[in-house]
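Asks: Supplied in structure tokens, the structure appears directly below.
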Number of protein chains: 2
Amino acid sequence: MKNTQILLKSRPNGMPLAENWHFNSQEIDEKSLSAGEFLIKTQFVSLDPAMRGWISDAKSYIAPVQIEEVMRASTAGEVISSQNADFPVGAKVVGMWGTQEYTISNGKGVSKVDTTHIPLSVYMGMLGGAGLTGYFGLLEVGKLKEGDTVLVSGAGGAVGMTVGQIAKIKGCKVVGIAGGKEKCDFVVNELGFDACIDYKSEDIKKMIRTHLPQGIDVYFDNVGGEILDIALAHIRRKARIVICGAISQYNNMQEMYAPKNYLSLLVNSASMEGFVIFDFAKDYTKGVIEMSKWILEGKLKYKEHFVKGLENFPNALQMLFKGENLGKLVLEI
Amino acid sequence: MKNTQILLKSRPNGMPLAENWHFNSQEIDEKSLSAGEFLIKTQFVSLDPAMRGWISDAKSYIAPVQIEEVMRASTAGEVISSQNADFPVGAKVVGMWGTQEYTISNGKGVSKVDTTHIPLSVYMGMLGGAGLTGYFGLLEVGKLKEGDTVLVSGAGGAVGMTVGQIAKIKGCKVVGIAGGKEKCDFVVNELGFDACIDYKSEDIKKMIRTHLPQGIDVYFDNVGGEILDIALAHIRRKARIVICGAISQYNNMQEMYAPKNYLSLLVNSASMEGFVIFDFAKDYTKGVIEMSKWILEGKLKYKEHFVKGLENFPNALQMLFKGENLGKLVLEI
């Protein structure tokens, strides 16, 4: 049996290109499973902005993907052969076995999920890394309180959508920032944000003052760059800025855009705090349970953007950095 | 009786110059005190970096000093005439009556202090704004824990000296950053810092790695600029950066030096938090009591740098920004 895998061929300089990836064909013998092992057929591969960091060799919170290593990714699939009674054939599973068609697992790092009411891919998105990032980032790092005013950038992306909807559930006023009318209309009309600023066509400063005249209590930053700097200039006393990402800067090979307005933290007695989702690993279950409940109650909506075919991985990854996805970007195998 | 006052004549462009101040002579009739009033003769005026912010008209945590208004300052003095039994002649008092030789007070915002064991000027320095800034900034904003590694810039100044000594009292490893051998030798030899980096003659990055090879848990920033950026690149997981000031940037009329390495907060799940001392007003007494105890036990040393004569206010203020003071800069009237 052939297992197509995507390996990192070389580290990108700026935007990851097709030439940075190597398609490898590996032999898998499904008859050779040892006791306790099972074979998973990948159905979905999650595409996340964090991937850009994983393929850089800069020191970070996790070791970089090595050259000729299978590209790290959150994944979801089905058990198709098994020597493990806990993971029988037909079981739906999620884990991080990387960008490949198949994997043999002994169960470590793999979880079974119940797809009766919630589709498999959602366990890898809103109930996976992206959703939990929004959940813990907003509630724990951002210390959200009822009545806060919340600004979230990347509002059309998987994390931003989760953040805005949770803030609404918690009784806050929420303004998103996204690129283009389609995304802005979606988060307002479908997800219930109070407003959304189209950074491609609107004056961000002016629109922040219009929608949040009293200033920002929590700014959830997915994009970095100038938008972070503008947000800093509009925070309220004791504001919390959550540094979740900086997608505008990940492929920037020039000098990093740095937040000139950081002294706004001083005069407003405010904070700017970074985090990675692994900080909250021991509480994942709590987050999944609460978000599942909201999903089933119809309070939290997921939106997925599927791209088909493992061969489209390089292009699909670029879509994230070009802002071409609306909702969680998922590669469907 | 003549009361010489220093009024703000114009807002400085960069460094505050002599031409920005106006010496005014006001008549005070000490015979005209109403019931409850008393006359204070100023003995000390505190010179603080925050003054640069107070004379700027940028939006901040406190209203700017207005043109032709007496320059705001922390002050200490003696009651020389009184119609208030709580503030008898001879009482030593501190308050914020501004840069002038005399003031008539009704007691509001003025506190009597006991100078039996601790000199009057110290109540305006280490037991006043500067010391309390270090105390609450380090312990509350910086959430200092025993065993933390602490880096403090402006180590030769009033706040930095307090921060480093309190961190030592709390069982931490402390490295200072200061300008010149005299300041560095002082904080190490007299105040017990573990090390001090002379930013004027040493490679700051290299010396941070030498003295704190495991990285920084708490960086207490008084200076901003490139030193903040270097510190960001050397923090540990869950580090806290306390934004107390940015003296290197206060007179910078070019573009602000912005921290390019702020994403270090993300990969290290770290925070950067600003504050102003007024945030802790309800706890001042607790801070003064604990620091007084440390002073009397010889664990916390104060160092003052006196400049004599109200007429020297403009030059003395510049000394702060030129880094010419060692310890708390005080104008002695």
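Starting from 1 in every chain, residues are counted up; chains themselves are A, B, ... following the order of the structure tokens, and ligands are numbered from 1 as listed.
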Can you pull out the residues contacting Leu8 (chain A)? Cut-off 12 Å, using only C-alpha atoms, and skip same-chain residues under 4 positions away; I want them as a VMD selection string.
Replies: chain A and resid 12 16 to 24 51 to 52 54 to 56 64 to 72 98 to 99 313 to 314
Asks: Could you tell me, as a list in words, which residues of region 170-256 of chain A DSSP assigns to strand (DSSP E or B) when given the backbone?
Replies: Lys173, Val174, Val175, Gly176, Ile177, Ala178, Ala195, Cys196, Ile197, Asp198, Ile216, Asp217, Val218, Tyr219, Phe220, Asp221, Ile235, Arg236, Arg237, Lys238, Ala239, Arg240, Ile241, Val242 and Ile243 of chain A
Asks: Gln43 (chain A): which residues within 10 Å, counting only C-alpha atoms, same-chain residues fewer than 5 positions away excluded, as a ChimeraX atom specification?
Replies: /A:75-78,92-94,100-102,120-121,309-310,330-333
Asks: Would you export the selected residues with all heavy atoms as a short mmCIF file (atom, residue, chain, number, x, y, z; two decimals), in the first residue's frame, please?
Replies:
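Output (selection_23.cif):
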```
data_model
loop_
_atom_site.label_atom_id
_atom_site.label_comp_id
_atom_site.auth_asym_id
_atom_site.auth_seq_id
_atom_site.Cartn_x
_atom_site.Cartn_y
_atom_site.Cartn_z
N THR A 75 -4.73 16.41 12.49
CA THR A 75 -5.31 15.50 11.50
C THR A 75 -6.53 14.80 12.09
O THR A 75 -6.69 14.68 13.32
CB THR A 75 -4.26 14.45 11.11
OG1 THR A 75 -3.53 14.07 12.29
CG2 THR A 75 -3.27 14.98 10.08
N ALA A 76 -7.37 14.31 11.17
CA ALA A 76 -8.55 13.54 11.58
C ALA A 76 -8.73 12.42 10.56
O ALA A 76 -8.43 12.59 9.37
CB ALA A 76 -9.79 14.43 11.62
N GLY A 77 -9.20 11.27 11.02
CA GLY A 77 -9.36 10.16 10.08
C GLY A 77 -10.13 9.00 10.69
O GLY A 77 -10.79 9.15 11.73
N GLU A 78 -10.01 7.86 10.02
CA GLU A 78 -10.78 6.68 10.42
C GLU A 78 -9.84 5.49 10.52
O GLU A 78 -8.94 5.32 9.70
CB GLU A 78 -11.86 6.42 9.35
CG GLU A 78 -12.79 5.28 9.71
CD GLU A 78 -13.92 5.11 8.69
OE1 GLU A 78 -14.26 6.10 7.99
OE2 GLU A 78 -14.44 3.99 8.60
N LYS A 92 -13.60 6.88 14.54
CA LYS A 92 -13.18 8.19 14.04
C LYS A 92 -12.19 8.76 15.06
O LYS A 92 -12.47 8.76 16.27
CB LYS A 92 -14.37 9.13 13.93
CG LYS A 92 -15.49 8.62 13.02
CD LYS A 92 -15.08 8.66 11.56
CE LYS A 92 -16.27 8.35 10.66
NZ LYS A 92 -15.90 8.41 9.23
N VAL A 93 -11.06 9.23 14.56
CA VAL A 93 -9.99 9.66 15.47
C VAL A 93 -9.39 10.99 15.03
O VAL A 93 -9.42 11.35 13.85
CB VAL A 93 -8.88 8.59 15.54
CG1 VAL A 93 -9.38 7.33 16.26
CG2 VAL A 93 -8.35 8.23 14.16
N VAL A 94 -8.85 11.70 16.02
CA VAL A 94 -8.07 12.92 15.74
C VAL A 94 -6.72 12.82 16.43
O VAL A 94 -6.56 12.08 17.41
CB VAL A 94 -8.81 14.21 16.22
CG1 VAL A 94 -10.09 14.45 15.42
CG2 VAL A 94 -9.11 14.15 17.71
N GLN A 100 -0.05 13.32 5.77
CA GLN A 100 0.15 12.08 5.02
C GLN A 100 -1.18 11.34 4.96
O GLN A 100 -2.08 11.57 5.76
CB GLN A 100 1.24 11.22 5.69
CG GLN A 100 1.02 10.95 7.17
CD GLN A 100 2.20 10.19 7.81
OE1 GLN A 100 2.95 9.53 7.10
NE2 GLN A 100 2.33 10.29 9.12
N GLU A 101 -1.27 10.42 4.01
CA GLU A 101 -2.53 9.72 3.77
C GLU A 101 -2.86 8.68 4.84
O GLU A 101 -4.03 8.40 5.11
CB GLU A 101 -2.48 9.01 2.41
CG GLU A 101 -2.52 9.94 1.23
CD GLU A 101 -2.49 9.12 -0.05
OE1 GLU A 101 -1.43 8.53 -0.37
OE2 GLU A 101 -3.54 9.06 -0.72
N TYR A 102 -1.84 8.06 5.38
CA TYR A 102 -2.06 6.99 6.36
C TYR A 102 -1.06 7.15 7.49
O TYR A 102 0.00 7.75 7.33
CB TYR A 102 -1.82 5.61 5.72
CG TYR A 102 -2.75 5.30 4.58
CD1 TYR A 102 -2.37 5.55 3.27
CD2 TYR A 102 -4.01 4.74 4.82
CE1 TYR A 102 -3.23 5.28 2.21
CE2 TYR A 102 -4.88 4.47 3.77
CZ TYR A 102 -4.49 4.74 2.46
OH TYR A 102 -5.34 4.47 1.43
N LEU A 120 -16.65 15.03 12.02
CA LEU A 120 -15.26 14.72 12.37
C LEU A 120 -14.33 15.93 12.22
O LEU A 120 -13.52 16.22 13.11
CB LEU A 120 -14.77 13.57 11.48
CG LEU A 120 -13.31 13.16 11.65
CD1 LEU A 120 -12.99 12.75 13.08
CD2 LEU A 120 -12.96 12.03 10.68
N SER A 121 -14.44 16.66 11.11
CA SER A 121 -13.50 17.76 10.85
C SER A 121 -13.57 18.84 11.93
O SER A 121 -12.58 19.52 12.20
CB SER A 121 -13.77 18.37 9.48
OG SER A 121 -15.13 18.81 9.41
N GLY A 309 -7.74 17.28 -1.77
CA GLY A 309 -6.57 16.67 -2.38
C GLY A 309 -5.26 17.02 -1.69
O GLY A 309 -4.90 18.20 -1.59
N LEU A 310 -4.56 16.00 -1.24
CA LEU A 310 -3.28 16.20 -0.58
C LEU A 310 -2.31 16.98 -1.48
O LEU A 310 -1.49 17.77 -0.99
CB LEU A 310 -2.67 14.83 -0.21
CG LEU A 310 -1.52 14.84 0.79
CD1 LEU A 310 -2.00 15.27 2.17
CD2 LEU A 310 -0.87 13.46 0.89
N VAL A 330 -9.37 23.62 5.78
CA VAL A 330 -9.18 22.18 5.98
C VAL A 330 -8.85 21.53 4.64
O VAL A 330 -9.52 21.78 3.64
CB VAL A 330 -10.48 21.54 6.53
CG1 VAL A 330 -10.34 20.02 6.64
CG2 VAL A 330 -10.85 22.13 7.89
N LEU A 331 -7.85 20.70 4.66
CA LEU A 331 -7.51 19.92 3.47
C LEU A 331 -8.23 18.59 3.60
O LEU A 331 -8.06 17.87 4.59
CB LEU A 331 -5.99 19.72 3.42
CG LEU A 331 -5.39 19.26 2.11
CD1 LEU A 331 -5.58 20.31 1.02
CD2 LEU A 331 -3.89 18.98 2.30
N GLU A 332 -9.03 18.28 2.59
CA GLU A 332 -9.81 17.04 2.63
C GLU A 332 -9.10 16.03 1.73
O GLU A 332 -8.83 16.31 0.57
CB GLU A 332 -11.24 17.32 2.12
CG GLU A 332 -12.17 16.17 2.32
CD GLU A 332 -13.61 16.52 1.92
OE1 GLU A 332 -13.89 17.71 1.64
OE2 GLU A 332 -14.43 15.59 1.91
N ILE A 333 -8.80 14.89 2.29
CA ILE A 333 -8.02 13.90 1.52
C ILE A 333 -8.96 12.96 0.76
O ILE A 333 -9.84 12.37 1.35
CB ILE A 333 -7.11 13.08 2.47
CG1 ILE A 333 -6.34 14.01 3.40
CG2 ILE A 333 -6.18 12.19 1.66
CD1 ILE A 333 -5.43 14.98 2.72
#
```
Asks: Identify every residue of chain B that has at least one atom within 8 Å of any atom of chain A, counting only C-alpha atoms, and report the result as an NGL selection string.
Replies: :B and (60-61 or 243-245 or 256-263 or 265-276 or 279)
Asks: Please run DSSP on the backbone and report, as a list in words, all residues within region 170-232 of chain A that come out as helix (DSSP H, G or I).
Replies: Lys181, Glu182, Lys183, Cys184, Asp185, Phe186, Val187, Val188, Asn189, Glu190, Ile204, Lys205, Lys206, Met207, Ile208, Arg209, Thr210, His211, Gly225, Glu226, Ile227, Leu228, Asp229, Ile230, Ala231 and Leu232 of chain A
Asks: Could you write those residues out with C-alpha atoms, as an mmCIF file, in the first residue's frame?
Replies:
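Here's the written file part_7.cif:
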```cif
data_model
loop_
_atom_site.group_PDB
_atom_site.id
_atom_site.type_symbol
_atom_site.label_atom_id
_atom_site.label_comp_id
_atom_site.auth_asym_id
_atom_site.auth_seq_id
_atom_site.Cartn_x
_atom_site.Cartn_y
_atom_site.Cartn_z
ATOM 1 C CA LYS A 181 -16.903 42.566 2.464
ATOM 2 C CA GLU A 182 -17.727 38.852 2.260
ATOM 3 C CA LYS A 183 -15.898 38.043 5.498
ATOM 4 C CA CYS A 184 -17.237 41.120 7.274
ATOM 5 C CA ASP A 185 -20.809 40.400 6.241
ATOM 6 C CA PHE A 186 -20.447 36.788 7.321
ATOM 7 C CA VAL A 187 -19.208 37.493 10.850
ATOM 8 C CA VAL A 188 -21.870 40.147 11.425
ATOM 9 C CA ASN A 189 -24.852 38.482 9.749
ATOM 10 C CA GLU A 190 -24.125 34.814 10.416
ATOM 11 C CA ILE A 204 -9.356 51.271 10.741
ATOM 12 C CA LYS A 205 -8.713 54.093 13.259
ATOM 13 C CA LYS A 206 -11.868 55.914 12.347
ATOM 14 C CA MET A 207 -13.974 52.759 12.424
ATOM 15 C CA ILE A 208 -12.614 51.700 15.833
ATOM 16 C CA ARG A 209 -13.605 55.136 17.164
ATOM 17 C CA THR A 210 -17.028 54.776 15.541
ATOM 18 C CA HIS A 211 -17.808 51.274 16.805
ATOM 19 C CA GLY A 225 1.686 44.707 12.233
ATOM 20 C CA GLU A 226 0.012 48.069 11.915
ATOM 21 C CA ILE A 227 -3.353 46.813 13.194
ATOM 22 C CA LEU A 228 -1.805 45.938 16.555
ATOM 23 C CA ASP A 229 -0.276 49.398 16.685
ATOM 24 C CA ILE A 230 -3.622 51.058 15.966
ATOM 25 C CA ALA A 231 -5.342 48.908 18.580
ATOM 26 C CA LEU A 232 -2.728 49.915 21.189
#
```
Asks: When you draw a straight line from CA of Gly171 (chain A) to CA of Gly298 (chain A), how long is it in Å?
Replies: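 Pair CA of Gly171 (chain A) / CA of Gly298 (chain A) returns 16.0 Å.
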Asks: For CA of Glu140 (chain A) and CA of Gly215 (chain A), determine how far apart the two atoms are, in Å to one decimal place.
Replies: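 Taking CA of Glu140 (chain A) and CA of Gly215 (chain A), their separation equals 20.9 Å.
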Asks: Excluding region 149-161 of chain B and any residue of its chain fewer than 4 positions from it, enumerate the residues within 6 Å of it, using only C-alpha atoms, and give them as an MDAnalysis selection string.
Replies: chainID B and resid 130:131 134 172:178 183 216:222 326:328
Asks: Please determine, counting only C-alpha atoms, which residue among B:Tyr123, B:Leu138, B:Gln5, B:Phe321 has the shortest atom-to-atom distance to Asn252 (chain B).
Replies: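 When distances to Asn252 (chain B) are compared using only C-alpha atoms, the smallest one comes from B:Phe321.
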Asks: What does the structure give for the distance between CA of Ile6 (chain B) and CA of Asp29 (chain B), in Å to one decimal?
Replies: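 Separation between CA of Ile6 (chain B) and CA of Asp29 (chain B): 19.0 Å.
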Asks: Looking at B:Pro88, B:Gly107, B:Pro119, B:Gly14, which one is nearest to Gln249 (chain B), with distances taken over only C-alpha atoms?
Replies: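 Going through B:Pro88, B:Gly107, B:Pro119, B:Gly14 one by one, the smallest distance to Gln249 (chain B) is for B:Gly14.
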